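Asker: This one is structure.cif, mmCIF, C-alpha atoms and all ligand atoms.
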```cif
data_structure
loop_
_atom_site.label_atom_id
_atom_site.label_comp_id
_atom_site.auth_asym_id
_atom_site.auth_seq_id
_atom_site.Cartn_x
_atom_site.Cartn_y
_atom_site.Cartn_z
CA MET O 3 5.47 -26.52 -15.38
CA SER O 4 8.77 -26.92 -13.51
CA LYS O 5 10.49 -25.49 -16.59
CA ARG O 6 8.36 -22.37 -16.29
CA ILE O 7 9.20 -22.03 -12.62
CA SER O 8 12.93 -22.38 -13.26
CA ALA O 9 12.69 -19.85 -16.10
CA CYS O 10 11.03 -17.41 -13.69
CA GLY O 11 13.69 -18.09 -11.07
CA LEU O 12 16.38 -17.42 -13.63
CA LEU O 13 14.79 -14.09 -14.57
CA VAL O 14 14.47 -13.09 -10.90
CA ALA O 15 18.19 -13.78 -10.50
CA LEU O 16 18.96 -11.75 -13.63
CA ALA O 17 16.80 -8.85 -12.44
CA MET O 18 18.56 -8.94 -9.07
CA ILE O 19 21.95 -8.78 -10.77
CA PHE O 20 20.73 -5.74 -12.72
CA SER O 21 19.46 -4.12 -9.51
CA TYR O 22 22.83 -4.73 -7.92
CA ILE O 23 24.68 -3.29 -10.93
CA GLU O 24 22.45 -0.23 -10.65
CA THR O 25 23.59 0.37 -7.07
CA LEU O 26 27.18 0.45 -8.39
CA ILE O 27 26.45 3.19 -10.94
CA PRO O 28 26.93 6.49 -9.13
CA ILE O 29 24.47 8.64 -11.07
CA ASN O 30 23.22 11.36 -8.79
CA LEU O 31 21.04 13.99 -10.42
CA GLY O 32 19.50 14.86 -7.07
CA LEU O 33 16.05 13.85 -8.25
CA PRO O 34 14.04 12.34 -5.39
CA GLY O 35 12.52 9.02 -6.48
CA MET O 36 14.77 8.59 -9.49
CA LYS O 37 16.02 5.19 -10.54
CA LEU O 38 17.78 4.09 -13.69
CA GLY O 39 15.60 0.99 -13.76
CA ILE O 40 18.04 -1.39 -15.41
CA ALA O 41 16.17 -4.33 -13.85
CA ASN O 42 13.17 -3.17 -15.83
CA LEU O 43 14.83 -4.76 -18.87
CA VAL O 44 13.87 -8.17 -17.47
CA ILE O 45 10.28 -7.05 -16.87
CA VAL O 46 9.95 -5.56 -20.36
CA ILE O 47 11.29 -8.70 -22.02
CA GLY O 48 9.22 -10.89 -19.72
CA LEU O 49 6.04 -9.12 -20.84
CA TYR O 50 6.70 -10.39 -24.36
CA LEU O 51 7.76 -13.94 -23.48
CA LEU O 52 5.80 -14.92 -20.39
CA LYS O 53 2.32 -14.64 -18.91
CA PRO O 54 1.58 -11.29 -17.21
CA GLN O 55 1.07 -12.93 -13.80
CA GLU O 56 4.49 -14.58 -14.08
CA VAL O 57 6.13 -11.25 -14.88
CA LEU O 58 4.34 -9.60 -11.96
CA LEU O 59 5.59 -12.37 -9.68
CA ILE O 60 9.16 -11.91 -10.95
CA SER O 61 8.90 -8.17 -10.33
CA LEU O 62 7.53 -8.59 -6.79
CA VAL O 63 10.04 -11.27 -5.78
CA ARG O 64 12.90 -9.09 -7.05
CA ILE O 65 11.66 -6.01 -5.18
CA PHE O 66 11.30 -7.87 -1.86
CA LEU O 67 14.60 -9.74 -2.17
CA ILE O 68 16.54 -6.58 -3.12
CA GLY O 69 14.71 -4.67 -0.38
CA PHE O 70 15.62 -7.21 2.30
CA LEU O 71 19.22 -7.49 1.09
CA PHE O 72 20.15 -3.86 0.45
CA GLY O 73 17.27 -1.69 1.63
CA ASN O 74 14.70 -1.21 4.33
CA GLY O 75 10.95 -1.00 4.71
CA MET O 76 10.82 2.45 3.14
CA SER O 77 12.90 1.51 0.12
CA ILE O 78 10.64 -1.51 -0.46
CA LEU O 79 7.61 0.77 -0.35
CA TYR O 80 9.14 3.09 -2.99
CA SER O 81 10.18 0.22 -5.26
CA LEU O 82 6.80 -1.42 -4.89
CA ALA O 83 4.97 1.75 -5.93
CA GLY O 84 7.29 2.32 -8.87
CA GLY O 85 7.31 -1.34 -9.89
CA LEU O 86 3.54 -1.82 -9.77
CA VAL O 87 2.66 1.44 -11.53
CA SER O 88 5.22 0.74 -14.22
CA PHE O 89 4.13 -2.91 -14.64
CA PHE O 90 0.46 -2.09 -15.17
CA ALA O 91 1.27 0.90 -17.37
CA MET O 92 3.42 -1.31 -19.61
CA LEU O 93 0.91 -4.17 -19.63
CA LEU O 94 -1.81 -1.75 -20.74
CA LEU O 95 0.29 -0.36 -23.57
CA LYS O 96 1.45 -3.79 -24.69
CA ARG O 97 -2.13 -5.09 -24.76
CA SER O 98 -3.19 -2.15 -26.94
CA GLU O 99 -0.77 -3.46 -29.59
CA LYS O 100 -0.29 0.09 -30.81
CA PHE O 101 3.29 0.41 -29.54
CA SER O 102 6.56 -1.43 -29.99
CA VAL O 103 8.62 -2.62 -27.04
CA VAL O 104 10.38 0.78 -27.06
CA GLY O 105 7.10 2.65 -26.52
CA VAL O 106 6.07 0.19 -23.82
CA SER O 107 9.41 0.56 -22.06
CA LEU O 108 9.61 4.36 -22.20
CA PHE O 109 6.10 4.64 -20.74
CA GLY O 110 7.06 2.18 -17.99
CA GLY O 111 10.22 4.14 -17.21
CA SER O 112 8.35 7.44 -16.87
CA MET O 113 5.52 5.94 -14.83
CA HIS O 114 7.97 4.19 -12.51
CA ASN O 115 9.39 7.55 -11.43
CA VAL O 116 5.90 9.06 -11.14
CA GLY O 117 4.84 6.20 -8.86
CA GLN O 118 7.87 6.69 -6.62
CA LEU O 119 7.32 10.46 -6.48
CA PHE O 120 3.72 9.99 -5.31
CA ILE O 121 4.92 7.79 -2.44
CA ALA O 122 7.58 10.39 -1.66
CA ALA O 123 4.92 13.13 -1.56
CA ALA O 124 2.90 11.00 0.87
CA VAL O 125 5.95 10.35 3.06
CA VAL O 126 6.82 14.03 3.47
CA GLU O 127 3.15 15.10 3.13
CA ASN O 128 4.17 17.94 0.88
CA ALA O 129 3.15 18.63 -2.70
CA LYS O 130 6.18 20.84 -3.35
CA ILE O 131 8.05 17.65 -4.17
CA PHE O 132 6.21 17.64 -7.53
CA TYR O 133 8.62 20.43 -8.44
CA TYR O 134 10.81 17.50 -9.48
CA LEU O 135 8.17 15.83 -11.65
CA PRO O 136 9.19 17.29 -15.07
CA PRO O 137 12.84 16.18 -14.91
CA LEU O 138 11.80 12.80 -13.47
CA LEU O 139 9.42 12.23 -16.38
CA CYS O 140 12.15 13.08 -18.89
CA VAL O 141 14.84 10.96 -17.23
CA GLY O 142 12.41 8.03 -16.97
CA CYS O 143 11.53 8.43 -20.63
CA VAL O 144 15.17 8.47 -21.75
CA THR O 145 16.22 5.46 -19.67
CA GLY O 146 13.03 3.72 -20.82
CA ILE O 147 13.98 4.30 -24.47
CA LEU O 148 17.48 2.87 -23.89
CA ILE O 149 16.05 -0.20 -22.10
CA GLY O 150 13.48 -0.57 -24.89
CA LEU O 151 16.15 -0.47 -27.62
CA LEU O 152 18.10 -3.14 -25.73
CA ALA O 153 14.95 -5.24 -25.42
CA LEU O 154 14.31 -4.83 -29.14
CA ARG O 155 17.66 -6.49 -29.84
CA ILE O 156 17.37 -9.21 -27.18
CA LEU O 157 13.77 -10.26 -27.83
CA PRO O 158 14.36 -12.28 -31.06
CA THR O 159 16.98 -14.39 -29.25
CA GLY O 160 14.69 -14.81 -26.26
CA GLN O 161 11.86 -15.97 -28.48
CA LYS O 162 14.15 -18.51 -30.16
CA ILE O 163 15.27 -19.90 -26.80
CA ILE O 164 11.66 -20.28 -25.70
CA GLN O 165 10.77 -22.05 -28.98
CA ASN O 166 13.74 -24.40 -28.73
CA ALA O 167 12.84 -25.24 -25.16
CA GLY O 168 9.52 -26.45 -26.53
CA THR O 169 6.39 -25.99 -24.52
CA LEU O 170 7.57 -24.33 -21.36
CA MET I 20 9.73 0.81 -33.54
CA LYS I 21 6.32 2.21 -34.35
CA LYS I 22 5.16 5.73 -35.10
CA ASN I 23 3.18 5.70 -31.84
CA ASP I 24 6.40 5.24 -29.87
CA TYR I 25 7.67 8.59 -31.14
CA ILE I 26 4.32 10.24 -30.47
CA LEU I 27 4.26 8.92 -26.91
CA ALA I 28 7.83 10.07 -26.24
CA ALA I 29 7.08 13.50 -27.74
CA PHE I 30 3.93 13.73 -25.63
CA ILE I 31 5.81 12.95 -22.40
CA PHE I 32 8.51 15.54 -23.16
CA LEU I 33 5.88 18.10 -24.16
CA PHE I 34 3.92 17.46 -20.96
CA ALA I 35 7.11 17.80 -18.90
CA GLY I 36 7.98 21.00 -20.77
CA LEU I 37 4.54 22.48 -20.19
CA LEU I 38 4.71 21.57 -16.51
CA SER I 39 8.16 23.17 -16.27
CA ALA I 40 6.82 26.33 -17.88
CA ILE I 41 3.95 26.52 -15.40
CA ILE I 42 6.37 25.99 -12.51
CA PHE I 43 8.74 28.57 -14.01
CA VAL I 44 6.17 31.36 -14.01
CA SER I 45 4.49 30.54 -10.70
CA GLY I 46 5.51 30.83 -7.06
CA ASN I 47 8.58 32.98 -7.62
CA GLU I 48 8.14 34.89 -4.36
CA ARG I 49 11.40 34.84 -2.48
CA GLY I 50 9.96 34.41 1.02
CA ASN I 51 11.70 35.32 4.25
CA PHE I 52 12.11 32.18 6.29
CA VAL I 53 12.97 28.53 5.91
CA THR I 54 10.97 25.67 7.37
CA VAL I 55 12.58 22.31 7.96
CA THR I 56 10.13 19.44 8.37
CA VAL I 57 11.21 15.97 9.46
CA ASP I 58 8.77 13.06 9.39
CA LYS I 59 5.81 15.47 8.97
CA LYS I 60 6.75 17.46 12.09
CA VAL I 61 8.25 20.95 11.93
CA TYR I 62 11.86 20.66 13.06
CA GLY I 63 12.59 24.35 12.97
CA THR I 64 12.14 27.66 11.19
CA TYR I 65 15.03 29.95 10.37
CA SER I 66 15.36 33.46 9.03
CA LEU I 67 16.57 33.80 5.46
CA SER I 68 18.11 37.21 6.14
CA GLU I 69 20.76 35.76 8.39
CA ASN I 70 23.68 33.80 6.92
CA GLN I 71 23.97 30.62 8.93
CA ASP I 72 24.61 26.89 8.99
CA ILE I 73 21.91 24.76 10.54
CA GLU I 74 22.71 21.33 11.91
CA ILE I 75 19.80 18.93 11.69
CA ASP I 76 20.21 15.81 13.78
CA THR I 77 17.28 13.40 13.97
CA GLU I 78 16.69 9.69 14.44
CA PHE I 79 16.97 9.40 10.65
CA GLY I 80 20.37 11.02 10.30
CA HIS I 81 22.43 14.16 10.00
CA ASN I 82 22.05 17.08 7.58
CA VAL I 83 23.57 20.54 7.43
CA LEU I 84 21.64 23.35 5.83
CA HIS I 85 23.45 26.44 4.63
CA ILE I 86 21.74 29.83 4.37
CA GLU I 87 23.55 32.54 2.49
CA ASN I 88 22.21 35.76 0.92
CA GLY I 89 18.65 34.49 0.94
CA SER I 90 19.50 31.16 -0.68
CA VAL I 91 19.38 27.77 0.99
CA SER I 92 21.34 24.65 0.15
CA MET I 93 22.11 21.28 1.72
CA THR I 94 25.84 21.17 2.26
CA GLU I 95 26.17 17.99 4.30
CA ALA I 96 24.12 14.83 4.64
CA ASP I 97 24.83 11.26 5.67
CA CYS I 98 21.90 9.82 3.71
CA PRO I 99 22.72 6.84 1.47
CA ASP I 100 21.75 8.48 -1.84
CA GLY I 101 23.13 12.00 -1.32
CA TYR I 102 20.45 13.40 -3.63
CA CYS I 103 19.68 16.32 -1.32
CA LYS I 104 23.22 17.68 -1.68
CA ARG I 105 22.77 17.77 -5.45
CA GLN I 106 19.56 19.79 -5.40
CA GLY I 107 21.46 23.06 -5.38
CA GLU I 108 20.35 26.38 -3.97
CA ILE I 109 16.73 27.25 -3.47
CA SER I 110 15.44 30.78 -2.96
CA THR I 111 11.76 30.80 -3.93
CA GLU I 112 8.59 29.48 -2.38
CA LYS I 113 7.92 26.87 -5.05
CA GLU I 114 11.24 25.11 -4.54
CA ALA I 115 12.09 22.49 -1.97
CA ILE I 116 15.10 20.46 -0.93
CA VAL I 117 14.10 16.90 -0.22
CA CYS I 118 16.08 14.23 1.60
CA LEU I 119 13.83 11.20 1.30
CA PRO I 120 15.92 8.73 3.34
CA HIS I 121 15.74 11.20 6.24
CA LYS I 122 12.06 12.06 5.57
CA LEU I 123 13.17 15.67 5.45
CA ILE I 124 11.90 18.57 3.39
CA VAL I 125 13.19 22.14 3.39
CA GLU I 126 10.92 24.86 2.07
CA ILE I 127 10.89 28.61 1.84
CA GLU I 128 7.90 30.47 3.14
CA SER I 129 6.94 34.04 3.82
CA ALA I 130 5.22 35.77 6.64
CA ASP I 131 3.59 39.01 5.57
CA GLU I 132 3.84 42.33 7.40
CA GLN I 133 0.59 41.82 9.28
CA ASN I 134 1.90 38.64 10.77
CA GLU I 135 5.15 40.24 11.85
CA GLU I 136 4.61 38.88 15.35
CA ASP I 137 4.11 35.34 14.08
CA TYR I 138 7.21 35.71 12.02
CA ASP I 139 9.28 36.97 14.94
CA PHE I 140 8.00 34.06 16.95
CA LEU I 141 8.86 31.63 14.19
CA VAL I 142 12.45 32.67 13.68
CA ARG I 143 13.30 32.81 17.36
ZN ZN Y 201 19.77 13.31 1.58
#
```
Have the structure of the file written as structure tokens, please.
Ligand SMILES: [Zn+2]
Answerer:
Amino acid sequence: MSKRISACGLLVALAMIFSYIETLIPINLGLPGMKLGIANLVIVIGLYLLKPQEVLLISLVRIFLIGFLFGNGMSILYSLAGGLVSFFAMLLLKRSEKFSVVGVSLFGGSMHNVGQLFIAAAVVENAKIFYYLPPLLCVGCVTGILIGLLALRILPTGQKIIQNAGTL
Amino acid sequence: MKKNDYILAAFIFLFAGLLSAIIFVSGNERGNFVTVTVDKKVYGTYSLSENQDIEIDTEFGHNVLHIENGSVSMTEADCPDGYCKRQGEISTEKEAIVCLPHKLIVEIESADEQNEEDYDFLVR
């Protein structure tokens, strides 16, 4: 049990490092609600190695910690919308067993941006913001594919570590 | 990777493409004034026919809007992401410049001839 908790803590730390790295990458396409979603790598991999509720917890803890450290109430709200929509979208696809980790990740990436855009539309109370939906979907899909390909390479190692650690 | 991964990716791009096409053909009216809304309240309306720089100072921050030859762009902003400055020029009713950290949206609208009085009132 304590092993599981420390594994989760480790993944939260890793996700936070990824979130921090993302703030250092100056990609500005001018798309409201866009995120690269590097931290999503941890969530994608977690979905294949841990219980869903543990992954959800990791995601939520990361969002609140990053929000308190670098953001504000609004940025937490955006991340929460993106994070939750993307988590449940990916869980659904993974459970269907019809997709590989790449498919799961690319769907999560797209849905993350859609989730954030809906919050943005509510904040400005204006539907014209959906003008940015098509490019956001595409960017989310592309970053999701890249994250998914990374996950595809990392997963075998992750599974070995979990096996060697015995019953977590 | 599975075949379904490719299908899903293709579907997302196709959906985005279709959406873009719909947006491309609709709402291309050029409008005649600009509305700036901050935190759901109208901050100001400005005529598109007049070249001008508009300073927007609110509790959320500072933005400068530039109107030139019927096109609008965000030339200055002290928001953390700077996305609004990258959104380029807008000139049609379907487009909008959004500065999320400042809860600000800039849109182009039109007042028709019958509402000339409203329009005059708006731009003053
Ligand atoms: Zn801005």
Asker: How far is it from CA of Gly105 (chain O) to CA of Asn42 (chain O), in Å with one decimal?
Answerer: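 Going from CA of Gly105 (chain O) over to CA of Asn42 (chain O) covers 13.6 Å.
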Asker: Enumerate as an NGL selection string the residues within 9 Å of ligand ZN 201 (chain Y), counting all atoms listed in the file.
Answerer: (:O and (32)) or (:I and (81-82 or 93 or 95-105 or 116-123))
Asker: Wanna dump the chain I-chain O contacts at 10 Å for me, each residue with its shortest atom pair and the distance in Å to one decimal, counting all atoms listed in the file, ordered by chain and number, as JSON lines?
Answerer:
```
{"residue": "I:Met20", "atom": "CA", "partner": "O:Ser102", "partner_atom": "CA", "distance": 5.3}
{"residue": "I:Lys21", "atom": "CA", "partner": "O:Ser102", "partner_atom": "CA", "distance": 5.7}
{"residue": "I:Lys22", "atom": "CA", "partner": "O:Phe101", "partner_atom": "CA", "distance": 7.9}
{"residue": "I:Asn23", "atom": "CA", "partner": "O:Phe101", "partner_atom": "CA", "distance": 5.8}
{"residue": "I:Asp24", "atom": "CA", "partner": "O:Gly105", "partner_atom": "CA", "distance": 4.3}
{"residue": "I:Tyr25", "atom": "CA", "partner": "O:Gly105", "partner_atom": "CA", "distance": 7.5}
{"residue": "I:Ile26", "atom": "CA", "partner": "O:Gly105", "partner_atom": "CA", "distance": 9.0}
{"residue": "I:Leu27", "atom": "CA", "partner": "O:Gly105", "partner_atom": "CA", "distance": 6.9}
{"residue": "I:Ala28", "atom": "CA", "partner": "O:Cys143", "partner_atom": "CA", "distance": 6.9}
{"residue": "I:Ala29", "atom": "CA", "partner": "O:Cys143", "partner_atom": "CA", "distance": 9.8}
{"residue": "I:Ile31", "atom": "CA", "partner": "O:Leu139", "partner_atom": "CA", "distance": 7.1}
{"residue": "I:Phe32", "atom": "CA", "partner": "O:Cys140", "partner_atom": "CA", "distance": 6.1}
{"residue": "I:Leu33", "atom": "CA", "partner": "O:Cys140", "partner_atom": "CA", "distance": 9.6}
{"residue": "I:Phe34", "atom": "CA", "partner": "O:Pro136", "partner_atom": "CA", "distance": 7.9}
{"residue": "I:Ala35", "atom": "CA", "partner": "O:Pro136", "partner_atom": "CA", "distance": 4.4}
{"residue": "I:Gly36", "atom": "CA", "partner": "O:Pro136", "partner_atom": "CA", "distance": 6.9}
{"residue": "I:Leu37", "atom": "CA", "partner": "O:Pro136", "partner_atom": "CA", "distance": 8.6}
{"residue": "I:Leu38", "atom": "CA", "partner": "O:Pro136", "partner_atom": "CA", "distance": 6.4}
{"residue": "I:Ser39", "atom": "CA", "partner": "O:Pro136", "partner_atom": "CA", "distance": 6.1}
{"residue": "I:Ala40", "atom": "CA", "partner": "O:Pro136", "partner_atom": "CA", "distance": 9.8}
{"residue": "I:Ile42", "atom": "CA", "partner": "O:Tyr133", "partner_atom": "CA", "distance": 7.2}
{"residue": "I:Phe43", "atom": "CA", "partner": "O:Tyr133", "partner_atom": "CA", "distance": 9.9}
{"residue": "I:Thr56", "atom": "CA", "partner": "O:Val126", "partner_atom": "CA", "distance": 8.0}
{"residue": "I:Val57", "atom": "CA", "partner": "O:Val126", "partner_atom": "CA", "distance": 7.7}
{"residue": "I:Asp58", "atom": "CA", "partner": "O:Val126", "partner_atom": "CA", "distance": 6.3}
{"residue": "I:Lys59", "atom": "CA", "partner": "O:Val126", "partner_atom": "CA", "distance": 5.8}
{"residue": "I:Lys60", "atom": "CA", "partner": "O:Val126", "partner_atom": "CA", "distance": 9.3}
{"residue": "I:Asp100", "atom": "CA", "partner": "O:Asn30", "partner_atom": "CA", "distance": 7.7}
{"residue": "I:Gly101", "atom": "CA", "partner": "O:Gly32", "partner_atom": "CA", "distance": 7.4}
{"residue": "I:Tyr102", "atom": "CA", "partner": "O:Gly32", "partner_atom": "CA", "distance": 3.9}
{"residue": "I:Cys103", "atom": "CA", "partner": "O:Gly32", "partner_atom": "CA", "distance": 5.9}
{"residue": "I:Lys104", "atom": "CA", "partner": "O:Gly32", "partner_atom": "CA", "distance": 7.1}
{"residue": "I:Arg105", "atom": "CA", "partner": "O:Gly32", "partner_atom": "CA", "distance": 4.7}
{"residue": "I:Gln106", "atom": "CA", "partner": "O:Gly32", "partner_atom": "CA", "distance": 5.2}
{"residue": "I:Gly107", "atom": "CA", "partner": "O:Gly32", "partner_atom": "CA", "distance": 8.6}
{"residue": "I:Glu112", "atom": "CA", "partner": "O:Lys130", "partner_atom": "CA", "distance": 9.0}
{"residue": "I:Lys113", "atom": "CA", "partner": "O:Lys130", "partner_atom": "CA", "distance": 6.5}
{"residue": "I:Glu114", "atom": "CA", "partner": "O:Tyr133", "partner_atom": "CA", "distance": 6.6}
{"residue": "I:Ala115", "atom": "CA", "partner": "O:Lys130", "partner_atom": "CA", "distance": 6.3}
{"residue": "I:Ile116", "atom": "CA", "partner": "O:Ile131", "partner_atom": "CA", "distance": 8.3}
{"residue": "I:Val117", "atom": "CA", "partner": "O:Pro34", "partner_atom": "CA", "distance": 6.9}
{"residue": "I:Cys118", "atom": "CA", "partner": "O:Pro34", "partner_atom": "CA", "distance": 7.5}
{"residue": "I:Leu119", "atom": "CA", "partner": "O:Pro34", "partner_atom": "CA", "distance": 6.8}
{"residue": "I:Pro120", "atom": "CA", "partner": "O:Met76", "partner_atom": "CA", "distance": 8.1}
{"residue": "I:His121", "atom": "CA", "partner": "O:Val126", "partner_atom": "CA", "distance": 9.8}
{"residue": "I:Lys122", "atom": "CA", "partner": "O:Val126", "partner_atom": "CA", "distance": 6.0}
{"residue": "I:Leu123", "atom": "CA", "partner": "O:Val126", "partner_atom": "CA", "distance": 6.9}
{"residue": "I:Ile124", "atom": "CA", "partner": "O:Val126", "partner_atom": "CA", "distance": 6.8}
{"residue": "I:Val125", "atom": "CA", "partner": "O:Lys130", "partner_atom": "CA", "distance": 9.8}
{"residue": "I:Glu126", "atom": "CA", "partner": "O:Lys130", "partner_atom": "CA", "distance": 8.2}
```
Asker: If you keep C-alpha atoms, can you produce a file of those selected residues as a PDB file, keeping the file's coordinate frame?
Answerer:
```pdb
ATOM      1  CA  MET I  20       9.730   0.810 -33.540  1.00  0.00           C
ATOM      2  CA  LYS I  21       6.320   2.210 -34.350  1.00  0.00           C
ATOM      3  CA  LYS I  22       5.160   5.730 -35.100  1.00  0.00           C
ATOM      4  CA  ASN I  23       3.180   5.700 -31.840  1.00  0.00           C
ATOM      5  CA  ASP I  24       6.400   5.240 -29.870  1.00  0.00           C
ATOM      6  CA  TYR I  25       7.670   8.590 -31.140  1.00  0.00           C
ATOM      7  CA  ILE I  26       4.320  10.240 -30.470  1.00  0.00           C
ATOM      8  CA  LEU I  27       4.260   8.920 -26.910  1.00  0.00           C
ATOM      9  CA  ALA I  28       7.830  10.070 -26.240  1.00  0.00           C
ATOM     10  CA  ALA I  29       7.080  13.500 -27.740  1.00  0.00           C
ATOM     11  CA  ILE I  31       5.810  12.950 -22.400  1.00  0.00           C
ATOM     12  CA  PHE I  32       8.510  15.540 -23.160  1.00  0.00           C
ATOM     13  CA  LEU I  33       5.880  18.100 -24.160  1.00  0.00           C
ATOM     14  CA  PHE I  34       3.920  17.460 -20.960  1.00  0.00           C
ATOM     15  CA  ALA I  35       7.110  17.800 -18.900  1.00  0.00           C
ATOM     16  CA  GLY I  36       7.980  21.000 -20.770  1.00  0.00           C
ATOM     17  CA  LEU I  37       4.540  22.480 -20.190  1.00  0.00           C
ATOM     18  CA  LEU I  38       4.710  21.570 -16.510  1.00  0.00           C
ATOM     19  CA  SER I  39       8.160  23.170 -16.270  1.00  0.00           C
ATOM     20  CA  ALA I  40       6.820  26.330 -17.880  1.00  0.00           C
ATOM     21  CA  ILE I  42       6.370  25.990 -12.510  1.00  0.00           C
ATOM     22  CA  PHE I  43       8.740  28.570 -14.010  1.00  0.00           C
ATOM     23  CA  THR I  56      10.130  19.440   8.370  1.00  0.00           C
ATOM     24  CA  VAL I  57      11.210  15.970   9.460  1.00  0.00           C
ATOM     25  CA  ASP I  58       8.770  13.060   9.390  1.00  0.00           C
ATOM     26  CA  LYS I  59       5.810  15.470   8.970  1.00  0.00           C
ATOM     27  CA  LYS I  60       6.750  17.460  12.090  1.00  0.00           C
ATOM     28  CA  ASP I 100      21.750   8.480  -1.840  1.00  0.00           C
ATOM     29  CA  GLY I 101      23.130  12.000  -1.320  1.00  0.00           C
ATOM     30  CA  TYR I 102      20.450  13.400  -3.630  1.00  0.00           C
ATOM     31  CA  CYS I 103      19.680  16.320  -1.320  1.00  0.00           C
ATOM     32  CA  LYS I 104      23.220  17.680  -1.680  1.00  0.00           C
ATOM     33  CA  ARG I 105      22.770  17.770  -5.450  1.00  0.00           C
ATOM     34  CA  GLN I 106      19.560  19.790  -5.400  1.00  0.00           C
ATOM     35  CA  GLY I 107      21.460  23.060  -5.380  1.00  0.00           C
ATOM     36  CA  GLU I 112       8.590  29.480  -2.380  1.00  0.00           C
ATOM     37  CA  LYS I 113       7.920  26.870  -5.050  1.00  0.00           C
ATOM     38  CA  GLU I 114      11.240  25.110  -4.540  1.00  0.00           C
ATOM     39  CA  ALA I 115      12.090  22.490  -1.970  1.00  0.00           C
ATOM     40  CA  ILE I 116      15.100  20.460  -0.930  1.00  0.00           C
ATOM     41  CA  VAL I 117      14.100  16.900  -0.220  1.00  0.00           C
ATOM     42  CA  CYS I 118      16.080  14.230   1.600  1.00  0.00           C
ATOM     43  CA  LEU I 119      13.830  11.200   1.300  1.00  0.00           C
ATOM     44  CA  PRO I 120      15.920   8.730   3.340  1.00  0.00           C
ATOM     45  CA  HIS I 121      15.740  11.200   6.240  1.00  0.00           C
ATOM     46  CA  LYS I 122      12.060  12.060   5.570  1.00  0.00           C
ATOM     47  CA  LEU I 123      13.170  15.670   5.450  1.00  0.00           C
ATOM     48  CA  ILE I 124      11.900  18.570   3.390  1.00  0.00           C
ATOM     49  CA  VAL I 125      13.190  22.140   3.390  1.00  0.00           C
ATOM     50  CA  GLU I 126      10.920  24.860   2.070  1.00  0.00           C
TER      51      GLU I 126
END
```
Asker: In Å to one decimal, how far is CA of Gly80 (chain I) from CA of Phe52 (chain I)?
Answerer: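 Separating CA of Phe52 (chain I) from CA of Gly80 (chain I) is a distance of 23.1 Å.
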Asker: One decimal, in Å: what's the spacing between CA of Gly89 (chain I) and CA of Leu67 (chain I)?
Answerer: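 Atom-to-atom, CA of Gly89 (chain I) to CA of Leu67 (chain I), that is 5.0 Å.
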Asker: Using all atoms listed in the file, which of O:Asn166, O:Phe120, O:Leu67, O:Leu152 sits nearest Met18 (chain O)?
Answerer: O:Leu67
Asker: Contacts of Leu84 (chain I) at 6 Å or less, counting only C-alpha atoms, minus same-chain residues fewer than 3 places along, as a ChimeraX atom specification?
Answerer: /I:72-73,92-94
Asker: Which residue gives the smallest distance to Ile127 (chain I) among I:Thr77, I:Ser68, I:Ser45, I:Thr54, with all atoms listed in the file counted?
Answerer: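 Among the listed residues, the smallest separation from Ile127 (chain I) belongs to I:Thr54.
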Asker: So that I can see what lies close to Phe66 (chain O), please list as a VMD selection string the residues with an atom at most 12 Å from it, counting all atoms listed in the file and leaving out residues fewer than 2 positions away in the same chain.
Answerer: chain O and resid 14 17 to 18 21 59 to 64 68 to 82 85
